[in-house]
Amino acid sequence: MILKLAWRNIWRVKSRSFVVIGAVTIGIWAVLFLVGYMLGTVNTLIKNSIENQVSHLQVHHNDFKKDREVKFFMDDVSSSLEQIRTDGTVKGATSRTLVNGMITAPKGVRGVQIKGIDPGGEASVTSLDDKIVEGSYFDEKTKNPIIIGQELAEKLNIALRKKVVLTFQDVEGEMTYAAFRIIGFYKTHNSTLDELFVYIPQSKLNDLIGLEGSAHEIAILLDDLEKADAKRDQWQGAFDEAAQPYLVETYREIAPDINLYDSQMSISITIIMSIIMLALIFGIINTMLMAVMDRYRELGMLMSIGMNKIRVFSMIMLETIMLSLVALPIGLFAGWATIAYTGMYGIDLSNYADGLNQFGMSEIIYPSLTGDIYLQLAVMVVTTAILAAIYPAYKAIKLKPVEAIRKL
């Protein structure tokens with residue numbers, strides 16, 4: 001009976017009920033959209049970082065990460081690469097020779113990291129060939145080719161087919177100079193990295209620094225980033241068993257900022273949900289208090305004819321919870337539909353591309369949500385409704401029936 005009475009009561013003043021339903025619906029939609037946008041932003045950062053810089057796994061000499069010196073290289077890289085590529089979970093793997101140096105152009109000098117790469121292997125891991133915005137990818141026609149970032153080319157004020165000089169140390173610590181011809185400009189979603197990395201053929205760089213058949217880094221791209229930890233343990237065990245002084249690391253270990261994004265995201269989501277739910281609590285309390293005050297005489301009459309305080313308290317509680325439960329599926333559906341649409345077509349932030357690229361973000365953000373977010377929000381909405389109903393229900397049972405009946 002109380003359940004039926006509460007259901008009828010919420011539709012007696014429809015305008016007031018729709019205000020509560022609308023507020024809860026908008027609150028749910030806002031939470032889902034904000035959380036979806038945040039997750040989309042973080043996913044973009046992680047995706048770009050993996051694709052352009054760290055890949056899923058990297059292998060180095062144990063001492064290379066400390067000092068990044070040329071002398072800390074890995075021998076017989078080709079056999080390790082061949083073994084890694086036979087794994088069915090590997091989408092691409094490549095070796096790189098890494099040297100810090102200077103690039104000198106007619107109108108400028110910049111510090112860069114020189115990456116000696118295998119063109120085919122690099123394309124399978126970072127899709128560098130697809131990021132060429134002007135010129136061409138590596139070919140055998142040009143002697144000493146080099147590809148630099150479009151941002152770096154603008155800083156150096158240099159055009160395609162022009163020559164630049166790279167200066168760096170070889171494995172013996174001696175300074176080495178070599179001239180290269182620019183065959184292409186690349187552009188990623190990280191302008192900082194575009195100014196830092198330059199690419200030349202690995203065979204050429206190895207010849208110049210004296211590392212025939214060796215490399216400083218093996219980069220591995222998997223078919224699923226969730227497998228990174230398991231594969232790290234597998235290959236680290238293989239290197240340890242072979243007594244090779246190599247270190248295998250996942251993208252989280254290589255780039256701690258990615259791990260920071262992951263760890264703080266859940267905290268941020270909880271904070272956002274809590275703030276919006278707190279605002280909803282006060283809105284619901286205000287509306288339900290008005291409902292109680294408008295029904296003083298009615299509640300007094302019900303109590304005077306025998307309805308006890310527990311039933312009155314339960315009725316007010318049920319009315320508030322029912323209003324929220326009506327709004328809950330509407331808000332969840334609206335949020336899901338918005339995330340589904342924007343997740344498919346993206347949110348275009350091209351007007352802010354320059355600023356976004358400074359942080360390694362793409363111009364298009366694709367919001368996304370996991371199923372546990374919907375469940376977590378549903379629980380929070382029900383909890384909010386229960387908490388918001390307590391004070392109005394308490395005010396209802398504190399009224400005196402005789403005074404309430406006489407109240408105009």
# chains A, B, ... in the order shown; residues from 1 in each chain; ligands from 1

call {"tool": "residues_around", "arguments": {"residues": "stretch 15-23 of chain A", "least_positions_apart": "5", "cutoff": "12 Å", "atoms": "only C-alpha atoms", "output": "compact mmCIF listing (two decimals) with all heavy atoms, in the first residue's frame"}}
result
# COMPACT_ATOMS: atom_id res chain seq x y z
N TRP A 7 3.89 6.08 -5.20
CA TRP A 7 3.92 6.23 -6.66
C TRP A 7 2.88 7.24 -7.14
O TRP A 7 3.15 8.06 -8.03
CB TRP A 7 3.70 4.88 -7.32
CG TRP A 7 3.65 4.94 -8.82
CD1 TRP A 7 2.56 4.82 -9.61
CD2 TRP A 7 4.75 5.15 -9.71
NE1 TRP A 7 2.88 4.93 -10.92
CE2 TRP A 7 4.24 5.13 -11.02
CE3 TRP A 7 6.13 5.35 -9.53
CZ2 TRP A 7 5.04 5.31 -12.14
CZ3 TRP A 7 6.92 5.52 -10.64
CH2 TRP A 7 6.38 5.51 -11.94
N ARG A 8 1.69 7.20 -6.55
CA ARG A 8 0.64 8.15 -6.94
C ARG A 8 1.01 9.57 -6.50
O ARG A 8 0.73 10.54 -7.21
CB ARG A 8 -0.69 7.74 -6.32
CG ARG A 8 -1.30 6.50 -6.96
CD ARG A 8 -2.64 6.17 -6.33
NE ARG A 8 -3.28 5.06 -7.03
CZ ARG A 8 -4.48 4.55 -6.67
NH1 ARG A 8 -5.13 5.08 -5.63
NH2 ARG A 8 -4.99 3.54 -7.35
N ASN A 9 1.60 9.68 -5.34
CA ASN A 9 1.93 11.01 -4.82
C ASN A 9 2.92 11.77 -5.72
O ASN A 9 2.82 12.99 -5.87
CB ASN A 9 2.53 10.89 -3.41
CG ASN A 9 1.46 10.62 -2.36
OD1 ASN A 9 0.27 10.89 -2.57
ND2 ASN A 9 1.88 10.08 -1.22
N ILE A 10 3.89 11.06 -6.30
CA ILE A 10 4.90 11.78 -7.08
C ILE A 10 4.33 12.35 -8.38
O ILE A 10 4.93 13.25 -8.97
CB ILE A 10 6.11 10.87 -7.40
CG1 ILE A 10 5.71 9.70 -8.30
CG2 ILE A 10 6.78 10.38 -6.12
CD1 ILE A 10 6.90 8.84 -8.73
N ILE A 28 23.25 12.88 -14.34
CA ILE A 28 23.79 11.60 -14.80
C ILE A 28 24.46 11.77 -16.16
O ILE A 28 25.57 11.28 -16.40
CB ILE A 28 22.68 10.54 -14.87
CG1 ILE A 28 22.16 10.22 -13.47
CG2 ILE A 28 23.19 9.26 -15.55
CD1 ILE A 28 20.92 9.36 -13.45
N TRP A 29 23.77 12.47 -17.07
CA TRP A 29 24.33 12.69 -18.41
C TRP A 29 25.65 13.46 -18.33
O TRP A 29 26.62 13.13 -19.01
CB TRP A 29 23.33 13.45 -19.26
CG TRP A 29 23.90 13.86 -20.59
CD1 TRP A 29 23.96 13.13 -21.73
CD2 TRP A 29 24.52 15.12 -20.89
NE1 TRP A 29 24.58 13.84 -22.73
CE2 TRP A 29 24.93 15.06 -22.25
CE3 TRP A 29 24.77 16.27 -20.16
CZ2 TRP A 29 25.58 16.12 -22.88
CZ3 TRP A 29 25.42 17.33 -20.78
CH2 TRP A 29 25.80 17.25 -22.12
N ALA A 30 25.67 14.50 -17.47
CA ALA A 30 26.87 15.32 -17.35
C ALA A 30 28.05 14.51 -16.83
O ALA A 30 29.18 14.63 -17.32
CB ALA A 30 26.60 16.51 -16.43
N ILE A 276 29.13 16.21 -8.43
CA ILE A 276 27.82 16.35 -9.09
C ILE A 276 26.73 15.71 -8.25
O ILE A 276 25.62 16.25 -8.12
CB ILE A 276 27.87 15.74 -10.50
CG1 ILE A 276 28.83 16.56 -11.37
CG2 ILE A 276 26.48 15.72 -11.14
CD1 ILE A 276 28.94 16.10 -12.80
N MET A 277 27.02 14.56 -7.64
CA MET A 277 26.01 13.93 -6.77
C MET A 277 25.72 14.79 -5.55
O MET A 277 24.58 14.85 -5.08
CB MET A 277 26.50 12.54 -6.34
CG MET A 277 26.57 11.51 -7.44
SD MET A 277 24.97 11.20 -8.27
CE MET A 277 25.26 12.02 -9.84
N ALA A 279 25.81 18.05 -5.48
CA ALA A 279 24.91 19.12 -5.95
C ALA A 279 23.49 18.59 -6.10
O ALA A 279 22.51 19.29 -5.78
CB ALA A 279 25.43 19.66 -7.28
N LEU A 280 23.35 17.36 -6.58
CA LEU A 280 22.02 16.77 -6.74
C LEU A 280 21.33 16.57 -5.40
O LEU A 280 20.12 16.73 -5.28
CB LEU A 280 22.13 15.42 -7.46
CG LEU A 280 22.25 15.46 -8.99
CD1 LEU A 280 22.38 14.04 -9.53
CD2 LEU A 280 21.04 16.15 -9.61
N ILE A 281 22.11 16.20 -4.38
CA ILE A 281 21.52 15.98 -3.05
C ILE A 281 20.78 17.23 -2.58
O ILE A 281 19.62 17.16 -2.14
CB ILE A 281 22.62 15.59 -2.04
CG1 ILE A 281 23.00 14.12 -2.21
CG2 ILE A 281 22.13 15.83 -0.61
CD1 ILE A 281 24.08 13.65 -1.25
N PHE A 282 21.45 18.38 -2.70
CA PHE A 282 20.81 19.61 -2.21
C PHE A 282 19.60 19.98 -3.07
O PHE A 282 18.61 20.50 -2.55
CB PHE A 282 21.83 20.75 -2.19
CG PHE A 282 22.86 20.61 -1.11
CD1 PHE A 282 24.14 20.21 -1.40
CD2 PHE A 282 22.52 20.85 0.21
CE1 PHE A 282 25.09 20.08 -0.40
CE2 PHE A 282 23.45 20.71 1.22
CZ PHE A 282 24.75 20.32 0.92
N GLY A 283 19.69 19.71 -4.38
CA GLY A 283 18.53 19.98 -5.23
C GLY A 283 17.35 19.11 -4.88
O GLY A 283 16.19 19.58 -4.82
N ILE A 284 17.59 17.83 -4.64
CA ILE A 284 16.51 16.91 -4.28
C ILE A 284 15.94 17.25 -2.91
O ILE A 284 14.72 17.24 -2.70
CB ILE A 284 17.02 15.45 -4.32
CG1 ILE A 284 17.39 15.05 -5.75
CG2 ILE A 284 15.96 14.49 -3.78
CD1 ILE A 284 18.07 13.70 -5.87
N ILE A 285 16.82 17.55 -1.96
CA ILE A 285 16.35 17.91 -0.61
C ILE A 285 15.43 19.13 -0.68
O ILE A 285 14.36 19.15 -0.05
CB ILE A 285 17.55 18.19 0.32
CG1 ILE A 285 18.27 16.89 0.66
CG2 ILE A 285 17.09 18.89 1.60
CD1 ILE A 285 19.53 17.10 1.47
N ASN A 286 15.84 20.14 -1.43
CA ASN A 286 15.03 21.36 -1.54
C ASN A 286 13.66 21.06 -2.12
O ASN A 286 12.62 21.52 -1.61
CB ASN A 286 15.77 22.37 -2.42
CG ASN A 286 15.00 23.67 -2.56
OD1 ASN A 286 14.74 24.36 -1.60
ND2 ASN A 286 14.63 23.99 -3.80
N THR A 287 13.62 20.27 -3.20
CA THR A 287 12.34 19.96 -3.84
C THR A 287 11.45 19.12 -2.94
O THR A 287 10.24 19.38 -2.83
CB THR A 287 12.59 19.22 -5.17
OG1 THR A 287 13.45 20.01 -5.99
CG2 THR A 287 11.28 18.98 -5.90
N MET A 288 12.02 18.11 -2.29
CA MET A 288 11.21 17.25 -1.44
C MET A 288 10.74 17.97 -0.17
O MET A 288 9.65 17.68 0.35
CB MET A 288 12.00 15.99 -1.08
CG MET A 288 12.29 15.08 -2.27
SD MET A 288 10.82 14.68 -3.26
CE MET A 288 9.81 13.81 -2.06
N LEU A 289 11.55 18.91 0.32
CA LEU A 289 11.09 19.71 1.46
C LEU A 289 9.88 20.55 1.08
O LEU A 289 8.92 20.69 1.86
CB LEU A 289 12.22 20.61 1.95
CG LEU A 289 13.20 20.03 2.97
CD1 LEU A 289 14.30 21.02 3.29
CD2 LEU A 289 12.45 19.63 4.26
N MET A 290 9.90 21.11 -0.12
CA MET A 290 8.74 21.86 -0.61
C MET A 290 7.53 20.96 -0.70
O MET A 290 6.40 21.36 -0.36
CB MET A 290 9.06 22.48 -1.97
CG MET A 290 10.09 23.59 -1.94
SD MET A 290 10.48 24.20 -3.59
CE MET A 290 8.87 24.74 -4.15
N ALA A 291 7.75 19.72 -1.17
CA ALA A 291 6.65 18.78 -1.28
C ALA A 291 6.06 18.46 0.09
O ALA A 291 4.84 18.37 0.25
CB ALA A 291 7.13 17.49 -1.96
N VAL A 292 6.91 18.29 1.09
CA VAL A 292 6.44 18.00 2.45
C VAL A 292 5.67 19.18 3.02
O VAL A 292 4.60 19.03 3.63
CB VAL A 292 7.64 17.63 3.35
CG1 VAL A 292 7.21 17.59 4.82
CG2 VAL A 292 8.22 16.29 2.93
N ASP A 294 4.09 21.55 1.39
CA ASP A 294 2.82 21.73 0.69
C ASP A 294 1.78 20.72 1.14
O ASP A 294 0.57 20.93 0.96
CB ASP A 294 3.03 21.56 -0.83
CG ASP A 294 3.76 22.76 -1.43
OD1 ASP A 294 3.88 23.79 -0.75
OD2 ASP A 294 4.23 22.64 -2.59
N GLU A 319 9.07 7.99 -2.27
CA GLU A 319 8.78 8.99 -3.30
C GLU A 319 10.09 9.53 -3.90
O GLU A 319 10.23 9.64 -5.13
CB GLU A 319 7.96 10.14 -2.70
CG GLU A 319 6.53 9.77 -2.37
CD GLU A 319 5.78 10.92 -1.73
OE1 GLU A 319 6.24 12.08 -1.88
OE2 GLU A 319 4.74 10.68 -1.10
N THR A 320 11.05 9.85 -3.04
CA THR A 320 12.33 10.38 -3.52
C THR A 320 13.09 9.34 -4.32
O THR A 320 13.64 9.64 -5.39
CB THR A 320 13.17 10.84 -2.31
OG1 THR A 320 12.39 11.70 -1.48
CG2 THR A 320 14.42 11.58 -2.79
N ILE A 321 13.15 8.13 -3.81
CA ILE A 321 13.88 7.07 -4.50
C ILE A 321 13.23 6.76 -5.85
O ILE A 321 13.93 6.56 -6.85
CB ILE A 321 13.95 5.81 -3.62
CG1 ILE A 321 14.78 6.09 -2.37
CG2 ILE A 321 14.53 4.63 -4.40
CD1 ILE A 321 14.73 4.99 -1.33
N MET A 322 11.89 6.74 -5.90
CA MET A 322 11.19 6.46 -7.16
C MET A 322 11.50 7.52 -8.21
O MET A 322 11.70 7.20 -9.39
CB MET A 322 9.69 6.38 -6.91
CG MET A 322 9.23 5.09 -6.27
SD MET A 322 7.44 5.10 -6.00
CE MET A 322 7.21 3.46 -5.33
N LEU A 323 11.51 8.78 -7.79
CA LEU A 323 11.84 9.85 -8.73
C LEU A 323 13.23 9.65 -9.34
O LEU A 323 13.43 9.82 -10.54
CB LEU A 323 11.76 11.21 -8.04
CG LEU A 323 10.36 11.75 -7.74
CD1 LEU A 323 10.43 12.98 -6.85
CD2 LEU A 323 9.62 12.09 -9.04
N SER A 324 14.16 9.27 -8.49
CA SER A 324 15.53 9.05 -8.97
C SER A 324 15.61 7.82 -9.86
O SER A 324 16.34 7.82 -10.86
CB SER A 324 16.48 8.90 -7.78
OG SER A 324 16.49 10.08 -7.00
N LEU A 325 14.84 6.78 -9.52
CA LEU A 325 14.87 5.57 -10.33
C LEU A 325 14.21 5.78 -11.69
O LEU A 325 14.56 5.11 -12.66
CB LEU A 325 14.16 4.43 -9.58
CG LEU A 325 14.91 3.87 -8.36
CD1 LEU A 325 14.10 2.78 -7.69
CD2 LEU A 325 16.29 3.35 -8.76
N VAL A 326 13.25 6.70 -11.77
CA VAL A 326 12.66 7.05 -13.06
C VAL A 326 13.70 7.77 -13.92
O VAL A 326 13.83 7.53 -15.12
CB VAL A 326 11.41 7.94 -12.88
CG1 VAL A 326 10.95 8.51 -14.23
CG2 VAL A 326 10.27 7.13 -12.26
N ALA A 327 14.48 8.67 -13.29
CA ALA A 327 15.47 9.45 -14.02
C ALA A 327 16.70 8.63 -14.39
O ALA A 327 17.36 8.91 -15.41
CB ALA A 327 15.89 10.66 -13.19
N LEU A 328 17.01 7.62 -13.58
CA LEU A 328 18.25 6.86 -13.77
C LEU A 328 18.39 6.25 -15.16
O LEU A 328 19.39 6.49 -15.85
CB LEU A 328 18.37 5.79 -12.68
CG LEU A 328 19.62 4.90 -12.75
CD1 LEU A 328 20.88 5.75 -12.63
CD2 LEU A 328 19.58 3.85 -11.65
N PRO A 329 17.42 5.44 -15.63
CA PRO A 329 17.60 4.85 -16.97
C PRO A 329 17.62 5.89 -18.09
O PRO A 329 18.31 5.72 -19.09
CB PRO A 329 16.41 3.90 -17.10
CG PRO A 329 15.41 4.37 -16.11
CD PRO A 329 16.19 4.97 -14.99
N ILE A 330 16.86 6.99 -17.90
CA ILE A 330 16.83 8.04 -18.92
C ILE A 330 18.21 8.69 -19.02
O ILE A 330 18.76 8.89 -20.11
CB ILE A 330 15.77 9.10 -18.59
CG1 ILE A 330 14.38 8.47 -18.53
CG2 ILE A 330 15.79 10.22 -19.64
CD1 ILE A 330 13.29 9.41 -18.06
N GLY A 331 18.79 9.01 -17.85
CA GLY A 331 20.11 9.63 -17.84
C GLY A 331 21.20 8.71 -18.36
O GLY A 331 22.07 9.13 -19.12
N ALA A 334 20.81 8.51 -22.14
CA ALA A 334 21.26 9.75 -22.78
C ALA A 334 22.79 9.83 -22.79
O ALA A 334 23.41 10.20 -23.79
CB ALA A 334 20.67 10.96 -22.07
N VAL A 381 23.82 7.12 -7.68
CA VAL A 381 22.54 7.83 -7.81
C VAL A 381 21.54 7.31 -6.78
O VAL A 381 20.84 8.10 -6.11
CB VAL A 381 21.98 7.68 -9.23
CG1 VAL A 381 20.53 8.17 -9.31
CG2 VAL A 381 22.83 8.47 -10.23
N ALA A 385 19.94 9.43 -3.70
CA ALA A 385 18.49 9.57 -3.47
C ALA A 385 18.12 9.20 -2.05
O ALA A 385 17.30 9.87 -1.40
CB ALA A 385 17.74 8.69 -4.47
N ALA A 388 19.37 11.95 0.25
CA ALA A 388 18.60 13.19 0.07
C ALA A 388 17.20 13.06 0.65
O ALA A 388 16.58 14.08 1.00
CB ALA A 388 18.51 13.52 -1.42

call {"tool": "closest_atom_pairs", "arguments": {"of": "stretch 183-300 of chain A", "to": "stretch 36-58 of chain A", "cutoff": "8 Å", "atoms": "only C-alpha atoms", "output": "JSON lines"}}
result
{"residue": "A:Thr188", "atom": "CA", "partner": "A:Asn52", "partner_atom": "CA", "distance": 7.2}
{"residue": "A:His189", "atom": "CA", "partner": "A:Asn48", "partner_atom": "CA", "distance": 7.0}
{"residue": "A:Asn190", "atom": "CA", "partner": "A:Asn48", "partner_atom": "CA", "distance": 8.0}
{"residue": "A:Glu217", "atom": "CA", "partner": "A:Gln58", "partner_atom": "CA", "distance": 6.7}
{"residue": "A:Ile218", "atom": "CA", "partner": "A:Gln58", "partner_atom": "CA", "distance": 5.5}
{"residue": "A:Ala219", "atom": "CA", "partner": "A:Gln58", "partner_atom": "CA", "distance": 4.6}
{"residue": "A:Ile220", "atom": "CA", "partner": "A:Leu57", "partner_atom": "CA", "distance": 5.1}
{"residue": "A:Leu221", "atom": "CA", "partner": "A:His56", "partner_atom": "CA", "distance": 5.3}
{"residue": "A:Leu222", "atom": "CA", "partner": "A:His56", "partner_atom": "CA", "distance": 6.4}
{"residue": "A:Leu225", "atom": "CA", "partner": "A:His56", "partner_atom": "CA", "distance": 6.4}
{"residue": "A:Ala228", "atom": "CA", "partner": "A:His56", "partner_atom": "CA", "distance": 6.3}
{"residue": "A:Arg232", "atom": "CA", "partner": "A:Leu57", "partner_atom": "CA", "distance": 7.1}
{"residue": "A:Val248", "atom": "CA", "partner": "A:Gln58", "partner_atom": "CA", "distance": 5.8}
{"residue": "A:Glu249", "atom": "CA", "partner": "A:Gln58", "partner_atom": "CA", "distance": 5.5}
{"residue": "A:Thr250", "atom": "CA", "partner": "A:Leu57", "partner_atom": "CA", "distance": 4.5}
{"residue": "A:Tyr251", "atom": "CA", "partner": "A:His56", "partner_atom": "CA", "distance": 5.1}
{"residue": "A:Ile254", "atom": "CA", "partner": "A:Val54", "partner_atom": "CA", "distance": 6.8}
{"residue": "A:Ala255", "atom": "CA", "partner": "A:Val54", "partner_atom": "CA", "distance": 7.3}
{"residue": "A:Ile258", "atom": "CA", "partner": "A:Ile46", "partner_atom": "CA", "distance": 6.2}
{"residue": "A:Tyr261", "atom": "CA", "partner": "A:Val42", "partner_atom": "CA", "distance": 6.7}
{"residue": "A:Asp262", "atom": "CA", "partner": "A:Val42", "partner_atom": "CA", "distance": 7.9}
{"residue": "A:Met265", "atom": "CA", "partner": "A:Leu39", "partner_atom": "CA", "distance": 7.6}

call {"tool": "select_by_dssp", "arguments": {"residues": "stretch 69-229 of chain A", "states": "strand (DSSP E)", "output": "count of residues only"}}
result
65

call {"tool": "closest_residue", "arguments": {"among": "A:Thr384, A:Gln113, A:Ser124, A:Thr342", "to": "A:Ala93", "atoms": "only C-alpha atoms"}}
result
A:Ser124

call {"tool": "closest_residue", "arguments": {"among": "A:Ser127, A:Ser362, A:Ser136, A:Ser274", "to": "A:Val379", "atoms": "only C-alpha atoms"}}
result
A:Ser274

call {"tool": "decode", "arguments": {"residues": "stretch 80-89 of chain A", "atoms": "all heavy atoms", "output": "JSON list (two decimals), in the first residue's frame"}}
result
[["chain", "number", "residue", "atom", "x", "y", "z"],
["A", 80, "SER", "N", 67.70, -12.03, -31.79],
["A", 80, "SER", "CA", 66.67, -11.70, -30.80],
["A", 80, "SER", "C", 65.40, -11.23, -31.49],
["A", 80, "SER", "O", 64.28, -11.61, -31.11],
["A", 80, "SER", "CB", 67.17, -10.62, -29.85],
["A", 80, "SER", "OG", 68.29, -11.06, -29.12],
["A", 81, "LEU", "N", 65.55, -10.38, -32.53],
["A", 81, "LEU", "CA", 64.39, -9.89, -33.26],
["A", 81, "LEU", "C", 63.65, -11.03, -33.95],
["A", 81, "LEU", "O", 62.42, -11.09, -33.93],
["A", 81, "LEU", "CB", 64.82, -8.87, -34.31],
["A", 81, "LEU", "CG", 64.85, -7.40, -33.90],
["A", 81, "LEU", "CD1", 65.38, -6.55, -35.05],
["A", 81, "LEU", "CD2", 63.48, -6.93, -33.48],
["A", 82, "GLU", "N", 64.39, -11.94, -34.52],
["A", 82, "GLU", "CA", 63.77, -13.07, -35.22],
["A", 82, "GLU", "C", 62.95, -13.92, -34.26],
["A", 82, "GLU", "O", 61.84, -14.35, -34.59],
["A", 82, "GLU", "CB", 64.87, -13.92, -35.88],
["A", 82, "GLU", "CG", 64.32, -15.07, -36.71],
["A", 82, "GLU", "CD", 65.43, -15.86, -37.38],
["A", 82, "GLU", "OE1", 66.60, -15.40, -37.34],
["A", 82, "GLU", "OE2", 65.13, -16.93, -37.94],
["A", 83, "GLN", "N", 63.48, -14.13, -33.07],
["A", 83, "GLN", "CA", 62.76, -14.92, -32.07],
["A", 83, "GLN", "C", 61.50, -14.20, -31.61],
["A", 83, "GLN", "O", 60.45, -14.79, -31.44],
["A", 83, "GLN", "CB", 63.69, -15.20, -30.88],
["A", 83, "GLN", "CG", 63.06, -16.09, -29.81],
["A", 83, "GLN", "CD", 64.02, -16.35, -28.66],
["A", 83, "GLN", "OE1", 65.13, -15.82, -28.64],
["A", 83, "GLN", "NE2", 63.59, -17.16, -27.72],
["A", 84, "ILE", "N", 61.61, -12.88, -31.39],
["A", 84, "ILE", "CA", 60.46, -12.10, -30.93],
["A", 84, "ILE", "C", 59.37, -12.06, -31.99],
["A", 84, "ILE", "O", 58.17, -12.18, -31.68],
["A", 84, "ILE", "CB", 60.92, -10.66, -30.57],
["A", 84, "ILE", "CG1", 61.77, -10.69, -29.29],
["A", 84, "ILE", "CG2", 59.71, -9.73, -30.39],
["A", 84, "ILE", "CD1", 62.45, -9.38, -28.98],
["A", 85, "ARG", "N", 59.74, -11.90, -33.24],
["A", 85, "ARG", "CA", 58.75, -11.78, -34.31],
["A", 85, "ARG", "C", 57.97, -13.07, -34.56],
["A", 85, "ARG", "O", 56.90, -13.04, -35.16],
["A", 85, "ARG", "CB", 59.44, -11.34, -35.60],
["A", 85, "ARG", "CG", 59.83, -9.87, -35.62],
["A", 85, "ARG", "CD", 60.74, -9.53, -36.77],
["A", 85, "ARG", "NE", 61.03, -8.10, -36.84],
["A", 85, "ARG", "CZ", 62.04, -7.57, -37.52],
["A", 85, "ARG", "NH1", 62.87, -8.36, -38.20],
["A", 85, "ARG", "NH2", 62.22, -6.25, -37.53],
["A", 86, "THR", "N", 58.51, -14.21, -34.11],
["A", 86, "THR", "CA", 57.79, -15.48, -34.28],
["A", 86, "THR", "C", 56.62, -15.62, -33.31],
["A", 86, "THR", "O", 55.77, -16.49, -33.47],
["A", 86, "THR", "CB", 58.74, -16.68, -34.09],
["A", 86, "THR", "OG1", 59.35, -16.61, -32.79],
["A", 86, "THR", "CG2", 59.83, -16.67, -35.15],
["A", 87, "ASP", "N", 56.58, -14.76, -32.28],
["A", 87, "ASP", "CA", 55.48, -14.80, -31.31],
["A", 87, "ASP", "C", 54.20, -14.29, -31.97],
["A", 87, "ASP", "O", 54.18, -13.21, -32.57],
["A", 87, "ASP", "CB", 55.84, -13.94, -30.09],
["A", 87, "ASP", "CG", 54.90, -14.18, -28.92],
["A", 87, "ASP", "OD1", 53.68, -13.96, -29.08],
["A", 87, "ASP", "OD2", 55.38, -14.59, -27.85],
["A", 88, "GLY", "N", 53.14, -15.01, -31.82],
["A", 88, "GLY", "CA", 51.87, -14.65, -32.47],
["A", 88, "GLY", "C", 51.23, -13.39, -31.95],
["A", 88, "GLY", "O", 50.36, -12.82, -32.61],
["A", 89, "THR", "N", 51.63, -12.93, -30.78],
["A", 89, "THR", "CA", 51.04, -11.71, -30.21],
["A", 89, "THR", "C", 51.73, -10.44, -30.70],
["A", 89, "THR", "O", 51.29, -9.34, -30.40],
["A", 89, "THR", "CB", 51.10, -11.73, -28.68],
["A", 89, "THR", "OG1", 52.48, -11.73, -28.26],
["A", 89, "THR", "CG2", 50.42, -12.98, -28.13]]
